[in-house]
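Structure data follow from target.pdb (PDB, C-alpha atoms):
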ATOM      1  CA  MET A   1       0.000   0.000   0.000
ATOM      2  CA  ALA A   2       2.749   2.448   0.928
ATOM      3  CA  TRP A   3       4.688   1.568  -2.224
ATOM      4  CA  GLN A   4       1.596   2.197  -4.397
ATOM      5  CA  TRP A   5       1.078   5.556  -2.711
ATOM      6  CA  PHE A   6       4.722   6.457  -3.337
ATOM      7  CA  HIS A   7       4.411   5.740  -7.048
ATOM      8  CA  ARG A   8       1.109   7.615  -7.239
ATOM      9  CA  LEU A   9       2.822  10.618  -5.682
ATOM     10  CA  GLY A  10       5.389  10.401  -8.471
ATOM     11  CA  SER A  11       2.707  10.636 -11.160
ATOM     12  CA  PRO A  12       2.701  14.057 -12.930
ATOM     13  CA  ARG A  13      -1.015  13.781 -13.681
ATOM     14  CA  TRP A  14      -1.928  12.880 -10.091
ATOM     15  CA  PHE A  15       0.171  15.741  -8.729
ATOM     16  CA  TYR A  16      -1.272  18.262 -11.197
ATOM     17  CA  GLU A  17      -4.861  17.331 -10.386
ATOM     18  CA  LYS A  18      -4.356  17.258  -6.610
ATOM     19  CA  SER A  19      -2.250  20.425  -6.416
ATOM     20  CA  GLY A  20      -4.963  22.412  -8.190
ATOM     21  CA  ARG A  21      -7.211  21.776  -5.194
ATOM     22  CA  TRP A  22      -4.442  22.657  -2.742
ATOM     23  CA  LEU A  23      -3.923  26.072  -4.327
ATOM     24  CA  VAL A  24      -7.496  27.128  -3.562
ATOM     25  CA  TRP A  25      -6.763  27.486   0.141
ATOM     26  CA  PHE A  26      -2.975  27.536   0.213
ATOM     27  CA  ALA A  27      -2.534  30.688  -1.882
ATOM     28  CA  PRO A  28      -4.740  32.921   0.348
ATOM     29  CA  LEU A  29      -3.074  31.497   3.475
ATOM     30  CA  THR A  30       0.367  32.356   2.108
ATOM     31  CA  ILE A  31      -0.646  35.924   1.258
ATOM     32  CA  ILE A  32      -2.152  36.487   4.714
ATOM     33  CA  LEU A  33       0.912  35.130   6.515
ATOM     34  CA  MET A  34       3.293  37.220   4.379
ATOM     35  CA  VAL A  35       1.339  40.440   4.921
ATOM     36  CA  VAL A  36       0.879  39.922   8.674
ATOM     37  CA  GLY A  37       4.414  38.691   9.344
ATOM     38  CA  ILE A  38       6.295  41.361   7.396
ATOM     39  CA  SER A  39       3.970  44.144   8.592
ATOM     40  CA  TRP A  40       4.457  43.033  12.196
ATOM     41  CA  GLY A  41       8.228  42.889  11.853
ATOM     42  CA  LEU A  42       8.776  46.079   9.858
ATOM     43  CA  GLY A  43       6.110  48.208  11.493
ATOM     44  CA  PHE A  44       5.457  47.042  15.036
ATOM     45  CA  ALA A  45       8.483  45.174  16.406
ATOM     46  CA  PRO A  46      10.517  47.303  18.868
ATOM     47  CA  ILE A  47      13.655  49.184  17.873
ATOM     48  CA  ASP A  48      16.901  47.339  18.572
ATOM     49  CA  SER A  49      19.059  48.966  21.256
ATOM     50  CA  LYS A  50      22.284  48.617  19.218
ATOM     51  CA  GLN A  51      21.292  48.607  15.549
ATOM     52  CA  GLY A  52      18.221  50.808  15.698
ATOM     53  CA  ASN A  53      15.743  50.313  12.863
ATOM     54  CA  SER A  54      18.329  48.876  10.474
ATOM     55  CA  TYR A  55      17.947  45.444  12.087
ATOM     56  CA  ARG A  56      14.386  45.195  10.714
ATOM     57  CA  ILE A  57      15.753  43.840   7.460
ATOM     58  CA  ILE A  58      16.192  40.584   9.402
ATOM     59  CA  PHE A  59      12.487  39.899   8.831
ATOM     60  CA  ILE A  60      13.201  39.667   5.098
ATOM     61  CA  HIS A  61      16.816  38.505   5.155
ATOM     62  CA  MET A  62      16.771  35.613   7.606
ATOM     63  CA  PRO A  63      13.697  33.774   6.238
ATOM     64  CA  ALA A  64      15.095  34.100   2.700
ATOM     65  CA  ALA A  65      18.434  32.660   3.848
ATOM     66  CA  ALA A  66      16.735  29.786   5.664
ATOM     67  CA  LEU A  67      14.672  28.870   2.591
ATOM     68  CA  ALA A  68      17.647  29.225   0.243
ATOM     69  CA  LEU A  69      19.446  26.541   2.262
ATOM     70  CA  ALA A  70      16.462  24.278   2.947
ATOM     71  CA  GLY A  71      15.343  24.603  -0.665
ATOM     72  CA  TYR A  72      18.668  23.264  -1.875
ATOM     73  CA  TYR A  73      18.133  20.076   0.110
ATOM     74  CA  ILE A  74      14.628  19.766  -1.357
ATOM     75  CA  MET A  75      16.069  20.143  -4.856
ATOM     76  CA  ALA A  76      18.855  17.627  -4.214
ATOM     77  CA  ILE A  77      16.504  15.056  -2.652
ATOM     78  CA  ALA A  78      14.153  15.377  -5.625
ATOM     79  CA  GLY A  79      17.091  14.795  -7.958
ATOM     80  CA  ALA A  80      18.194  11.736  -5.971
ATOM     81  CA  VAL A  81      14.687  10.234  -6.050
ATOM     82  CA  GLY A  82      14.557  10.778  -9.794
ATOM     83  CA  LEU A  83      17.915   9.078 -10.302
ATOM     84  CA  ILE A  84      17.209   6.115  -8.050
ATOM     85  CA  TRP A  85      13.589   5.319  -8.941
ATOM     86  CA  LYS A  86      13.572   6.655 -12.527
ATOM     87  CA  MET A  87      10.514   8.822 -11.839
ATOM     88  CA  LYS A  88       9.614  11.852 -13.933
ATOM     89  CA  LEU A  89       7.948  14.103 -11.369
ATOM     90  CA  PRO A  90      10.968  14.442  -9.012
ATOM     91  CA  PHE A  91      13.072  15.733 -11.912
ATOM     92  CA  MET A  92      10.350  18.284 -12.660
ATOM     93  CA  VAL A  93      10.342  19.369  -9.022
ATOM     94  CA  MET A  94      14.138  19.597  -9.026
ATOM     95  CA  LYS A  95      14.157  21.844 -12.098
ATOM     96  CA  SER A  96      11.333  23.974 -10.659
ATOM     97  CA  ALA A  97      13.151  24.455  -7.356
ATOM     98  CA  ALA A  98      16.328  25.832  -8.955
ATOM     99  CA  PRO A  99      15.099  29.314 -10.047
ATOM    100  CA  ILE A 100      13.190  29.768  -6.780
ATOM    101  CA  GLY A 101      16.299  28.923  -4.766
ATOM    102  CA  ALA A 102      18.435  31.210  -6.922
ATOM    103  CA  ALA A 103      16.021  34.099  -6.358
ATOM    104  CA  LEU A 104      15.985  33.526  -2.589
ATOM    105  CA  THR A 105      19.786  33.317  -2.476
ATOM    106  CA  LEU A 106      20.081  36.545  -4.463
ATOM    107  CA  LEU A 107      17.586  38.195  -2.086
ATOM    108  CA  THR A 108      19.664  36.950   0.859
ATOM    109  CA  LEU A 109      22.867  38.446  -0.547
ATOM    110  CA  ALA A 110      21.174  41.730  -1.473
ATOM    111  CA  THR A 111      19.463  42.255   1.884
ATOM    112  CA  GLY A 112      22.616  41.118   3.676
ATOM    113  CA  SER A 113      24.576  43.823   1.857
ATOM    114  CA  LEU A 114      22.004  46.456   2.781
ATOM    115  CA  TRP A 115      22.130  45.304   6.405
ATOM    116  CA  GLY A 116      25.915  45.089   6.369
ATOM    117  CA  HIS A 117      26.505  48.706   5.319
ATOM    118  CA  PRO A 118      25.195  50.358   8.528
ATOM    119  CA  THR A 119      26.480  47.456  10.661
ATOM    120  CA  TRP A 120      29.961  46.825   9.190
ATOM    121  CA  GLY A 121      30.435  50.059   7.242
ATOM    122  CA  THR A 122      30.553  48.255   3.863
ATOM    123  CA  PHE A 123      28.142  46.523   1.501
ATOM    124  CA  TRP A 124      30.391  43.488   1.026
ATOM    125  CA  GLU A 125      33.074  41.654   2.979
ATOM    126  CA  TRP A 126      34.811  38.451   1.932
ATOM    127  CA  ASP A 127      33.409  36.837   5.034
ATOM    128  CA  ALA A 128      33.162  33.017   5.085
ATOM    129  CA  ARG A 129      29.367  32.957   5.113
ATOM    130  CA  ASN A 130      29.152  35.522   2.325
ATOM    131  CA  ILE A 131      31.556  33.514   0.176
ATOM    132  CA  PHE A 132      29.716  30.229   0.559
ATOM    133  CA  MET A 133      26.328  31.875   0.024
ATOM    134  CA  LEU A 134      27.755  33.190  -3.241
ATOM    135  CA  VAL A 135      28.834  29.638  -4.085
ATOM    136  CA  LEU A 136      25.245  28.547  -3.372
ATOM    137  CA  LEU A 137      23.982  31.110  -5.877
ATOM    138  CA  PHE A 138      26.401  29.755  -8.497
ATOM    139  CA  LEU A 139      25.203  26.194  -7.813
ATOM    140  CA  TYR A 140      21.573  27.178  -8.275
ATOM    141  CA  ALA A 141      22.447  29.139 -11.423
ATOM    142  CA  GLY A 142      24.450  26.199 -12.743
ATOM    143  CA  ILE A 143      21.463  23.896 -12.430
ATOM    144  CA  VAL A 144      19.192  26.450 -14.137
ATOM    145  CA  VAL A 145      21.653  26.670 -17.047
ATOM    146  CA  LEU A 146      22.291  22.917 -17.264
ATOM    147  CA  ALA A 147      18.567  22.244 -17.463
ATOM    148  CA  GLU A 148      18.376  24.357 -20.627
ATOM    149  CA  VAL A 149      21.611  23.711 -22.520
ATOM    150  CA  TYR A 150      21.446  19.916 -22.866
ATOM    151  CA  PRO A 151      19.709  18.795 -26.079
ATOM    152  CA  SER A 152      18.472  15.657 -24.297
ATOM    153  CA  ARG A 153      16.045  16.155 -21.438
ATOM    154  CA  ASP A 154      17.086  12.895 -19.768
ATOM    155  CA  ALA A 155      20.750  13.887 -19.886
ATOM    156  CA  ALA A 156      19.913  17.334 -18.510
ATOM    157  CA  ASP A 157      17.949  15.833 -15.628
ATOM    158  CA  LYS A 158      20.784  13.481 -14.692
ATOM    159  CA  ALA A 159      23.434  16.201 -14.936
ATOM    160  CA  CYS A 160      21.371  18.587 -12.801
ATOM    161  CA  ALA A 161      20.700  15.888 -10.201
ATOM    162  CA  ILE A 162      24.395  15.015  -9.922
ATOM    163  CA  LEU A 163      25.383  18.693  -9.551
ATOM    164  CA  ALA A 164      22.661  19.196  -6.944
ATOM    165  CA  LEU A 165      23.859  16.201  -4.924
ATOM    166  CA  VAL A 166      27.512  17.246  -5.089
ATOM    167  CA  GLY A 167      26.569  20.780  -4.056
ATOM    168  CA  THR A 168      24.867  19.641  -0.842
ATOM    169  CA  ILE A 169      28.276  19.712   0.858
ATOM    170  CA  ASN A 170      28.111  23.507   0.670
ATOM    171  CA  VAL A 171      24.966  23.787   2.813
ATOM    172  CA  PRO A 172      26.369  22.513   6.154
ATOM    173  CA  ILE A 173      29.472  24.629   5.522
ATOM    174  CA  ILE A 174      27.235  27.703   5.381
ATOM    175  CA  TYR A 175      25.455  26.653   8.579
ATOM    176  CA  LYS A 176      28.718  26.118  10.484
ATOM    177  CA  SER A 177      30.805  28.890   8.904
ATOM    178  CA  VAL A 178      30.349  31.235  11.864
ATOM    179  CA  ASP A 179      31.639  28.517  14.203
ATOM    180  CA  TRP A 180      34.505  27.225  12.065
ATOM    181  CA  TRP A 181      36.028  30.564  10.986
ATOM    182  CA  TYR A 182      36.349  34.030  12.429
ATOM    183  CA  SER A 183      33.282  35.708  10.995
ATOM    184  CA  LEU A 184      31.633  39.094  10.980
ATOM    185  CA  HIS A 185      28.317  37.278  11.172
ATOM    186  CA  GLN A 186      26.955  36.716  14.646
ATOM    187  CA  PRO A 187      26.129  33.169  15.857
ATOM    188  CA  ALA A 188      22.601  31.851  15.355
ATOM    189  CA  SER A 189      19.957  33.914  17.150
ATOM    190  CA  ILE A 190      17.353  31.131  17.044
ATOM    191  CA  LYS A 191      18.366  27.774  18.503
ATOM    192  CA  LEU A 192      16.420  24.527  18.663
ATOM    193  CA  SER A 193      18.236  23.560  21.868
ATOM    194  CA  GLY A 194      18.810  26.155  24.538
ATOM    195  CA  GLY A 195      17.461  29.664  24.744
ATOM    196  CA  SER A 196      17.321  31.976  21.753
ATOM    197  CA  SER A 197      19.269  35.216  22.038
ATOM    198  CA  ILE A 198      16.545  37.296  20.394
ATOM    199  CA  HIS A 199      13.816  38.924  22.504
ATOM    200  CA  PRO A 200      10.324  37.412  22.207
ATOM    201  CA  SER A 201       8.910  40.711  20.903
ATOM    202  CA  MET A 202      11.214  40.302  17.897
ATOM    203  CA  LEU A 203      11.258  36.495  17.834
ATOM    204  CA  TYR A 204       7.528  35.973  17.316
ATOM    205  CA  PRO A 205       7.194  38.132  14.178
ATOM    206  CA  LEU A 206      10.422  36.580  12.877
ATOM    207  CA  LEU A 207       9.041  33.053  13.335
ATOM    208  CA  LEU A 208       5.846  34.134  11.598
ATOM    209  CA  CYS A 209       7.892  35.512   8.697
ATOM    210  CA  ILE A 210       9.815  32.237   8.449
ATOM    211  CA  LEU A 211       6.538  30.296   8.349
ATOM    212  CA  ALA A 212       5.228  32.697   5.689
ATOM    213  CA  TYR A 213       8.350  32.177   3.575
ATOM    214  CA  TYR A 214       8.020  28.403   3.843
ATOM    215  CA  CYS A 215       4.429  28.689   2.638
ATOM    216  CA  PHE A 216       5.509  31.019  -0.161
ATOM    217  CA  TYR A 217       8.255  28.600  -1.203
ATOM    218  CA  THR A 218       5.787  25.715  -1.273
ATOM    219  CA  LEU A 219       3.301  27.750  -3.284
ATOM    220  CA  ALA A 220       5.931  28.867  -5.785
ATOM    221  CA  LEU A 221       7.282  25.323  -6.117
ATOM    222  CA  ILE A 222       3.812  23.934  -6.817
ATOM    223  CA  LEU A 223       3.135  26.591  -9.460
ATOM    224  CA  TYR A 224       6.506  26.078 -11.165
ATOM    225  CA  ALA A 225       6.078  22.286 -11.050
ATOM    226  CA  ARG A 226       2.582  22.505 -12.550
ATOM    227  CA  ARG A 227       3.963  24.583 -15.408
ATOM    228  CA  GLU A 228       6.824  22.141 -15.950
ATOM    229  CA  ILE A 229       4.374  19.231 -15.987
ATOM    230  CA  LEU A 230       2.320  20.846 -18.740
ATOM    231  CA  VAL A 231       5.461  21.551 -20.788
ATOM    232  CA  ARG A 232       6.836  18.018 -20.511
ATOM    233  CA  GLU A 233       3.500  16.234 -20.790
ATOM    234  CA  ALA A 234       2.135  18.440 -23.589
ATOM    235  CA  ARG A 235       1.761  15.521 -26.009
ATOM    236  CA  THR A 236       0.008  13.187 -23.581
ATOM    237  CA  LYS A 237      -3.685  12.463 -23.883
ATOM    238  CA  TRP A 238      -4.659  13.875 -20.506
ATOM    239  CA  VAL A 239      -2.995  17.256 -21.126
ATOM    240  CA  THR A 240      -4.641  17.474 -24.563
ATOM    241  CA  GLN A 241      -8.026  16.770 -22.995
ATOM    242  CA  LEU A 242      -7.337  19.312 -20.269
ATOM    243  CA  ALA A 243      -6.512  21.985 -22.843
ATOM    244  CA  GLN A 244      -9.658  21.175 -24.834
ATOM    245  CA  THR A 245     -11.812  21.379 -21.707
ATOM    246  CA  LYS A 246     -10.373  24.779 -20.764
ATOM    247  CA  CYS A 247     -10.850  26.093 -24.295
ATOM    248  CA  THR A 248     -14.479  24.918 -24.263
ATOM    249  CA  LYS A 249     -15.115  26.608 -20.916
ATOM    250  CA  ALA A 250     -13.439  29.805 -22.096
ATOM    251  CA  ALA A 251     -15.543  29.837 -25.275
ATOM    252  CA  GLY A 252     -18.709  29.251 -23.269
ATOM    253  CA  THR A 253     -17.835  32.068 -20.859
ATOM    254  CA  ALA A 254     -17.156  34.427 -23.765
ATOM    255  CA  GLY A 255     -20.469  33.458 -25.395
ATOM    256  CA  ASP A 256     -22.378  34.117 -22.152
ATOM    257  CA  THR A 257     -20.712  37.518 -21.831
ATOM    258  CA  LEU A 258     -21.720  38.523 -25.360
TER     259      LEU A 258
END

structure tokens encoding of this file:
Amino acid sequence: MAWQWFHRLGSPRWFYEKSGRWLVWFAPLTIILMVVGISWGLGFAPIDSKQGNSYRIIFIHMPAAALALAGYYIMAIAGAVGLIWKMKLPFMVMKSAAPIGAALTLLTLATGSLWGHPTWGTFWEWDARNIFMLVLLFLYAGIVVLAEVYPSRDAADKACAILALVGTINVPIIYKSVDWWYSLHQPASIKLSGGSSIHPSMLYPLLLCILAYYCFYTLALILYARREILVREARTKWVTQLAQTKCTKAAGTAGDTL
């Protein structure tokens, strides 16, 4: 039973049909969480005693950084599943995750530079965490490029999956960079074990922002994957029927309007 469910989950058609229902409630939830979390952090959290209002960029920067790292694991795991079980959907998810991860990594570097200028007096330092986050951006970009340059889709999927798996070594280095090397970055403010160093009045909106970003990432990944499914499955019978059904509905709606 579990094995059948696993293979059903790997079906592009099953995922496309199910995810359409998920979007109905998931999209509004994501928007609400993003608006409330960012508004709370930027507008209502107290001013930091040392950094003043400049610290507020943490409510955009930290969730983006967390998702850039977690998203890489999601991409690599999807690639591994595709390689091992020869399933199509995981490769589609892997390719869809790459541009989202690249955008989040770029946002992390950009907001980090804006935060670093008032804090360090410069927009960029060759700090260990900065360097390896830049490497992460190159890894994401490499997978985006590889997915497009190969003439064979199967070869592109395998090459992207291998690069994603090799690149996973960079993620724990980023996590531990502040402990392994002298770094301008401060140690983690939120800890799973032990007390967090951030005050609850700042912690709660930050946690809400992180949750909102996770929901946004999931929403974006579903939308990208749905698009990729339609592109790759364009010649299948079920996609053809889906397109015909939508065209019929659109024509009927237009006729009713006239």

Q) Between A:Val36, A:Leu109, A:Ala102, A:Leu165, which is the closest to A:Val145 once you count all atoms listed in the file? A)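 Going through A:Val36, A:Leu109, A:Ala102, A:Leu165 one by one, the smallest distance to A:Val145 is for A:Ala102.
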
Q: Please write the residues picked by the PyMOL selection byres ((chain A and resi 56-70) around 7) on this file as a list in words.
A: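 The output of the PyMOL selection byres ((chain A and resi 56-70) around 7) on this file is Ile38, Gly41, Leu42, Asn53, Ser54, Tyr55, Gly71, Tyr72, Tyr73, Ile74, Gly101, Leu104, Thr105, Leu107, Thr108, Thr111, Gly112, Trp115, Val171, Leu206, Cys209, Ile210, Tyr213 and Tyr214 of chain A.
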
Q. When distances are computed from all atoms listed in the file, which of A:Ala251, A:Val35, A:Ala76, A:Leu223 shows the smallest separation from A:Trp22?
A. A:Leu223

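With distances taken from (5.7, 46.2, 17.8) and restricted to all atoms listed in the file, the residues inside 12 Å are Gly37, Ile38, Ser39, Trp40, Gly41, Leu42, Gly43, Phe44, Ala45, Pro46, Ile47, Asp48, Asn53, Arg56, His199, Pro200, Ser201, Met202, Leu203, Tyr204, Pro205 and Leu206 of chain A.
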
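With only C-alpha atoms as the atoms that count, the minimum distance from A:Cys215 to the choices A:Ile162, A:Leu33, A:Val24, A:Ala110 is reached by A:Leu33.
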
Q: Between atom CA of A:Tyr217 and atom CA of A:Ile77, measure the distance and give it in Å to one decimal.
A: 15.9 Å

Q | Point (18.0, 31.6, -10.7) neighbourhood (10 Å, only C-alpha atoms) written as a list of chain:residue names | A |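 Checking each residue against the 10 Å limit leaves A:Ala97, A:Ala98, A:Pro99, A:Ile100, A:Gly101, A:Ala102, A:Ala103, A:Leu104, A:Thr105, A:Leu106, A:Leu137, A:Phe138, A:Leu139, A:Tyr140, A:Ala141, A:Gly142, A:Ile143, A:Val144, A:Val145.
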
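The protein and nucleic acid residues lying at most 10 Å from A:Ala128 are Met133, Leu134, Ile173, Ile174, Lys176, Ser177, Val178, Trp180, Trp181, Tyr182, Ser183, Leu184 and His185 of chain A, with only C-alpha atoms considered and sequence neighbours fewer than 5 positions away removed.
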
Q. Suppose you want the space between atom CA of A:Met75 and atom CA of A:Lys88; what is it in Å?
A.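 Atom CA of A:Lys88 lies at a distance of 13.9 Å from atom CA of A:Met75.
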